[in-house]
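Novice: Take this structure first; my questions come after.
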Amino acid sequence: MRGRTSELEQAANEGGTSPTMPILGLGLADITQAREQIQGSVTRTPLVYSPSLSAMAGASVHLKLECQQTTGSFKLRGVTNALAHLDSAALQRGVVTASTGNHGRALAYASRARGVRAVVCMSHLVPLNKVEAIRALGAQVHIAGHSQDDAQTEAVRLSRDQGLVVVPPFDDPHVIAGQGTIGLEILEQLPDVRSVLVPLSGGGLFSGIALALKSVNPLIRTMGITMEAGCAMHTSLRAGRPVQVEESQTLADSLGGGIGLDNRYTFALVNALADDTVLVDEASIAQAVRHAYREEREVVEGAAAVGIAALMNGRIDVSRWPGPIVVVLSGRNIDMTLHRQLVVAT
Ligand SMILES: *Cc1c(COP(=O)(O)O)cnc(C)c1O
């Protein structure tokens, strides 16, 4: 793992911004194949020009509206591609995950669409509204233990005992390739795109998009953006290996969680493909959610607003990040009471 990573770093340095691809066996072909697999099951989301952000940035800025994706986030792309690659015996047994957020929601939805049994493991601490939302999508809920780790252990147990297939939220080639289909759409919708800002947590979204973009045009620059509070990938990249960070309360709750100390794909991919990673604070995330609503007329969750936050805070220097710039808005599953508080505050 370590040797492999430094090899990738070296390749990235030698090739400037253009590392050798495919990386870890993953390349453009996997993403174009994913697109065929998921066509008809996911929405091709709009790319829209933002006059106000363009004026702020001094370059043309466009928003990729994955907040309008079915289930309210891009996660449906990766999950749908992962299910498409399971054999019929596995599909008959079913799938399992421990995510209570956008990944669990997408897995529940995609499984029901294919008539596949889905089990979502949760701890006793998960609020009832989340439990109900996942149940409403037809998934079975297993309540176990008092932490996300306990829920994860239960998922692994169910996988072992009942033969359910674990569908990981980010560290999986089919999941990464599915998220990469966003990159293909961006290239079609804005062929002269130069800079792309992507929310970053486990790195499945970033890896897929950056792999698609840079395979087609190595000059496109990609930035991963995350919150200051508990940024596992950013800290791991600085450390040169996957490290654990303390989880904190954040408006960008979908960016929380670790990258896995046994990370197999996304750490190396983000390491090789990110031109930079940038952190934004809670106040600027709130400001960005408000901007998205008032100026762009979009409801977005905190995780989805980090690109706008970076732009609004002058973190994007257009001499290094030339336009046209695309900002990926990754989801809209925010508690609406919280959203109302954020958009009325001044
Ligand atoms: C999962 C998620 C992310 C982060 O995706 P990773 O692949 O884990 O980096 C960003 N935004 C939203 C809305 C998400 O649900």
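Residue numbers start at 1 in each chain; chains themselves are named A, B, ... in the order of the structure tokens; ligands are numbered from 1 in the order shown.
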Quick one: everything within 10 Å of range 36-39 of chain A, counting only C-alpha atoms, minus sequence neighbours fewer than 3 positions away in the same chain. Send it as a CSV table (one decimal) with all heavy atoms, in the first residue's frame.
Specialist:
```
chain,number,residue,atom,x,y,z
A,31,ILE,N,-15.5,3.8,-16.4
A,31,ILE,CA,-16.5,4.9,-16.2
A,31,ILE,C,-17.5,4.9,-17.3
A,31,ILE,O,-18.7,5.0,-17.1
A,31,ILE,CB,-15.8,6.2,-15.9
A,31,ILE,CG1,-14.9,6.1,-14.7
A,31,ILE,CG2,-16.8,7.3,-15.7
A,31,ILE,CD1,-14.0,7.3,-14.4
A,32,THR,N,-17.0,4.7,-18.5
A,32,THR,CA,-17.9,4.7,-19.7
A,32,THR,C,-18.8,3.5,-19.6
A,32,THR,O,-20.0,3.5,-19.9
A,32,THR,CB,-17.2,4.7,-21.0
A,32,THR,OG1,-16.2,3.7,-21.0
A,32,THR,CG2,-16.5,6.1,-21.3
A,33,GLN,N,-18.2,2.4,-19.1
A,33,GLN,CA,-19.1,1.2,-18.9
A,33,GLN,C,-20.1,1.4,-17.8
A,33,GLN,O,-21.3,1.0,-18.0
A,33,GLN,CB,-18.1,0.0,-18.6
A,33,GLN,CG,-18.8,-1.4,-18.8
A,33,GLN,CD,-18.1,-2.5,-18.0
A,33,GLN,OE1,-17.3,-2.2,-17.1
A,33,GLN,NE2,-18.4,-3.7,-18.3
A,42,VAL,N,-30.7,6.5,-13.3
A,42,VAL,CA,-30.3,7.7,-12.6
A,42,VAL,C,-30.6,8.9,-13.5
A,42,VAL,O,-30.8,8.7,-14.7
A,42,VAL,CB,-28.8,7.7,-12.2
A,42,VAL,CG1,-28.4,6.5,-11.5
A,42,VAL,CG2,-27.9,7.9,-13.5
A,43,THR,N,-30.7,10.1,-12.9
A,43,THR,CA,-31.0,11.3,-13.7
A,43,THR,C,-29.7,11.9,-14.2
A,43,THR,O,-28.6,11.9,-13.5
A,43,THR,CB,-31.6,12.3,-12.7
A,43,THR,OG1,-32.7,11.7,-12.1
A,43,THR,CG2,-32.0,13.6,-13.4
A,44,ARG,N,-29.7,12.3,-15.5
A,44,ARG,CA,-28.6,13.1,-16.0
A,44,ARG,C,-28.9,14.6,-15.5
A,44,ARG,O,-29.8,15.2,-16.0
A,44,ARG,CB,-28.6,13.1,-17.5
A,44,ARG,CG,-27.5,13.7,-18.2
A,44,ARG,CD,-27.6,13.6,-19.7
A,44,ARG,NE,-26.4,13.9,-20.4
A,44,ARG,CZ,-26.0,15.1,-20.8
A,44,ARG,NH1,-26.8,16.1,-20.6
A,44,ARG,NH2,-24.9,15.3,-21.5
A,76,LEU,N,-26.6,7.5,-5.6
A,76,LEU,CA,-27.3,6.5,-6.4
A,76,LEU,C,-26.5,6.0,-7.6
A,76,LEU,O,-26.7,4.9,-8.0
A,76,LEU,CB,-28.7,7.2,-6.9
A,76,LEU,CG,-29.6,6.2,-7.6
A,76,LEU,CD1,-30.1,5.1,-6.7
A,76,LEU,CD2,-30.8,6.9,-8.2
A,77,ARG,N,-25.6,6.8,-8.2
A,77,ARG,CA,-24.8,6.4,-9.3
A,77,ARG,C,-23.9,5.2,-9.0
A,77,ARG,O,-23.9,4.2,-9.6
A,77,ARG,CB,-24.0,7.6,-9.8
A,77,ARG,CG,-24.8,8.7,-10.4
A,77,ARG,CD,-23.9,9.9,-10.8
A,77,ARG,NE,-24.6,11.1,-11.2
A,77,ARG,CZ,-24.7,11.5,-12.5
A,77,ARG,NH1,-24.3,10.7,-13.5
A,77,ARG,NH2,-25.4,12.6,-12.8
A,78,GLY,N,-23.2,5.4,-7.9
A,78,GLY,CA,-22.2,4.3,-7.5
A,78,GLY,C,-22.9,3.1,-7.1
A,78,GLY,O,-22.5,2.0,-7.4
A,79,VAL,N,-24.0,3.2,-6.3
A,79,VAL,CA,-24.8,2.1,-5.8
A,79,VAL,C,-25.4,1.3,-7.0
A,79,VAL,O,-25.3,0.1,-7.0
A,79,VAL,CB,-25.8,2.6,-4.8
A,79,VAL,CG1,-27.0,1.7,-4.8
A,79,VAL,CG2,-25.2,2.8,-3.4
A,80,THR,N,-25.9,2.0,-7.9
A,80,THR,CA,-26.6,1.4,-9.1
A,80,THR,C,-25.6,0.6,-9.9
A,80,THR,O,-25.8,-0.5,-10.3
A,80,THR,CB,-27.3,2.4,-10.0
A,80,THR,OG1,-28.2,3.1,-9.2
A,80,THR,CG2,-28.0,1.8,-11.1
A,81,ASN,N,-24.4,1.2,-10.1
A,81,ASN,CA,-23.3,0.5,-10.8
A,81,ASN,C,-22.8,-0.8,-10.0
A,81,ASN,O,-22.6,-1.8,-10.6
A,81,ASN,CB,-22.2,1.4,-11.1
A,81,ASN,CG,-21.2,0.8,-12.1
A,81,ASN,OD1,-21.6,0.2,-13.1
A,81,ASN,ND2,-19.9,0.9,-11.8
A,82,ALA,N,-22.7,-0.6,-8.7
A,82,ALA,CA,-22.3,-1.8,-7.9
A,82,ALA,C,-23.3,-2.9,-8.0
A,82,ALA,O,-22.9,-4.1,-8.2
A,82,ALA,CB,-22.1,-1.4,-6.4
A,83,LEU,N,-24.6,-2.6,-7.9
A,83,LEU,CA,-25.6,-3.7,-8.0
A,83,LEU,C,-25.5,-4.3,-9.4
A,83,LEU,O,-25.7,-5.6,-9.6
A,83,LEU,CB,-27.0,-3.1,-7.8
A,83,LEU,CG,-27.3,-2.7,-6.4
A,83,LEU,CD1,-28.8,-2.3,-6.3
A,83,LEU,CD2,-27.1,-3.8,-5.4
A,84,ALA,N,-25.3,-3.5,-10.4
A,84,ALA,CA,-25.2,-4.1,-11.8
A,84,ALA,C,-24.1,-5.1,-12.0
A,84,ALA,O,-24.2,-5.9,-12.9
A,84,ALA,CB,-25.1,-2.9,-12.8
A,85,HIS,N,-23.1,-5.0,-11.1
A,85,HIS,CA,-22.0,-6.0,-11.3
A,85,HIS,C,-22.1,-7.2,-10.4
A,85,HIS,O,-21.2,-8.0,-10.4
A,85,HIS,CB,-20.7,-5.3,-11.0
A,85,HIS,CG,-20.2,-4.4,-12.1
A,85,HIS,ND1,-20.7,-3.1,-12.3
A,85,HIS,CD2,-19.4,-4.7,-13.2
A,85,HIS,CE1,-20.1,-2.6,-13.4
A,85,HIS,NE2,-19.4,-3.6,-14.0
A,178,GLY,N,-19.1,4.5,-10.9
A,178,GLY,CA,-20.4,5.1,-11.0
A,178,GLY,C,-20.4,6.6,-10.7
A,178,GLY,O,-21.0,7.4,-11.5
A,181,THR,N,-19.3,8.9,-13.6
A,181,THR,CA,-20.2,9.3,-14.7
A,181,THR,C,-20.5,10.8,-14.6
A,181,THR,O,-20.9,11.4,-15.6
A,181,THR,CB,-21.4,8.4,-14.7
A,181,THR,OG1,-22.2,8.6,-13.5
A,181,THR,CG2,-21.1,7.0,-14.9
```
Novice: Select from chain A every residue with an atom at most 6 Å from any atom of ligand 1, then for each give the shortest pair of atoms and their distance in Å to one decimal, using only C-alpha atoms and all ligand atoms, rows by chain and rising number, as JSON lines.
Specialist:
```
{"residue": "A:Ser73", "atom": "CA", "partner": "ligand 1", "partner_atom_place_in_ligand_line": "13 (C)", "distance": 5.5}
{"residue": "A:Asn102", "atom": "CA", "partner": "ligand 1", "partner_atom_place_in_ligand_line": "15 (O)", "distance": 4.8}
{"residue": "A:Phe170", "atom": "CA", "partner": "ligand 1", "partner_atom_place_in_ligand_line": "7 (O)", "distance": 5.0}
{"residue": "A:Pro199", "atom": "CA", "partner": "ligand 1", "partner_atom_place_in_ligand_line": "10 (C)", "distance": 5.2}
{"residue": "A:Leu200", "atom": "CA", "partner": "ligand 1", "partner_atom_place_in_ligand_line": "9 (O)", "distance": 4.1}
{"residue": "A:Ser201", "atom": "CA", "partner": "ligand 1", "partner_atom_place_in_ligand_line": "9 (O)", "distance": 3.5}
{"residue": "A:Gly202", "atom": "CA", "partner": "ligand 1", "partner_atom_place_in_ligand_line": "8 (O)", "distance": 3.6}
{"residue": "A:Gly203", "atom": "CA", "partner": "ligand 1", "partner_atom_place_in_ligand_line": "9 (O)", "distance": 3.4}
{"residue": "A:Gly204", "atom": "CA", "partner": "ligand 1", "partner_atom_place_in_ligand_line": "7 (O)", "distance": 3.3}
{"residue": "A:Leu205", "atom": "CA", "partner": "ligand 1", "partner_atom_place_in_ligand_line": "7 (O)", "distance": 3.9}
{"residue": "A:Phe206", "atom": "CA", "partner": "ligand 1", "partner_atom_place_in_ligand_line": "9 (O)", "distance": 5.9}
{"residue": "A:Ser254", "atom": "CA", "partner": "ligand 1", "partner_atom_place_in_ligand_line": "14 (C)", "distance": 4.9}
{"residue": "A:Leu255", "atom": "CA", "partner": "ligand 1", "partner_atom_place_in_ligand_line": "4 (C)", "distance": 5.3}
{"residue": "A:Ala303", "atom": "CA", "partner": "ligand 1", "partner_atom_place_in_ligand_line": "11 (N)", "distance": 4.8}
{"residue": "A:Ala304", "atom": "CA", "partner": "ligand 1", "partner_atom_place_in_ligand_line": "11 (N)", "distance": 5.1}
{"residue": "A:Ser330", "atom": "CA", "partner": "ligand 1", "partner_atom_place_in_ligand_line": "13 (C)", "distance": 4.5}
{"residue": "A:Gly331", "atom": "CA", "partner": "ligand 1", "partner_atom_place_in_ligand_line": "13 (C)", "distance": 3.9}
```
Novice: Here is a test: counting only C-alpha atoms, which residue of A:Val280, A:Leu26, A:Ile182, A:Ala57 is nearest to Lys75 in chain A?
Specialist: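 Smallest separation from Lys75 in chain A among the options: A:Ile182.
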Novice: Neighbouring residues of Ser123 in chain A were defined as those with any atom within 12 Å, considering only C-alpha atoms; residues of the same chain fewer than 4 positions away were excluded. Please report them as a count of residues only.
Specialist: 22
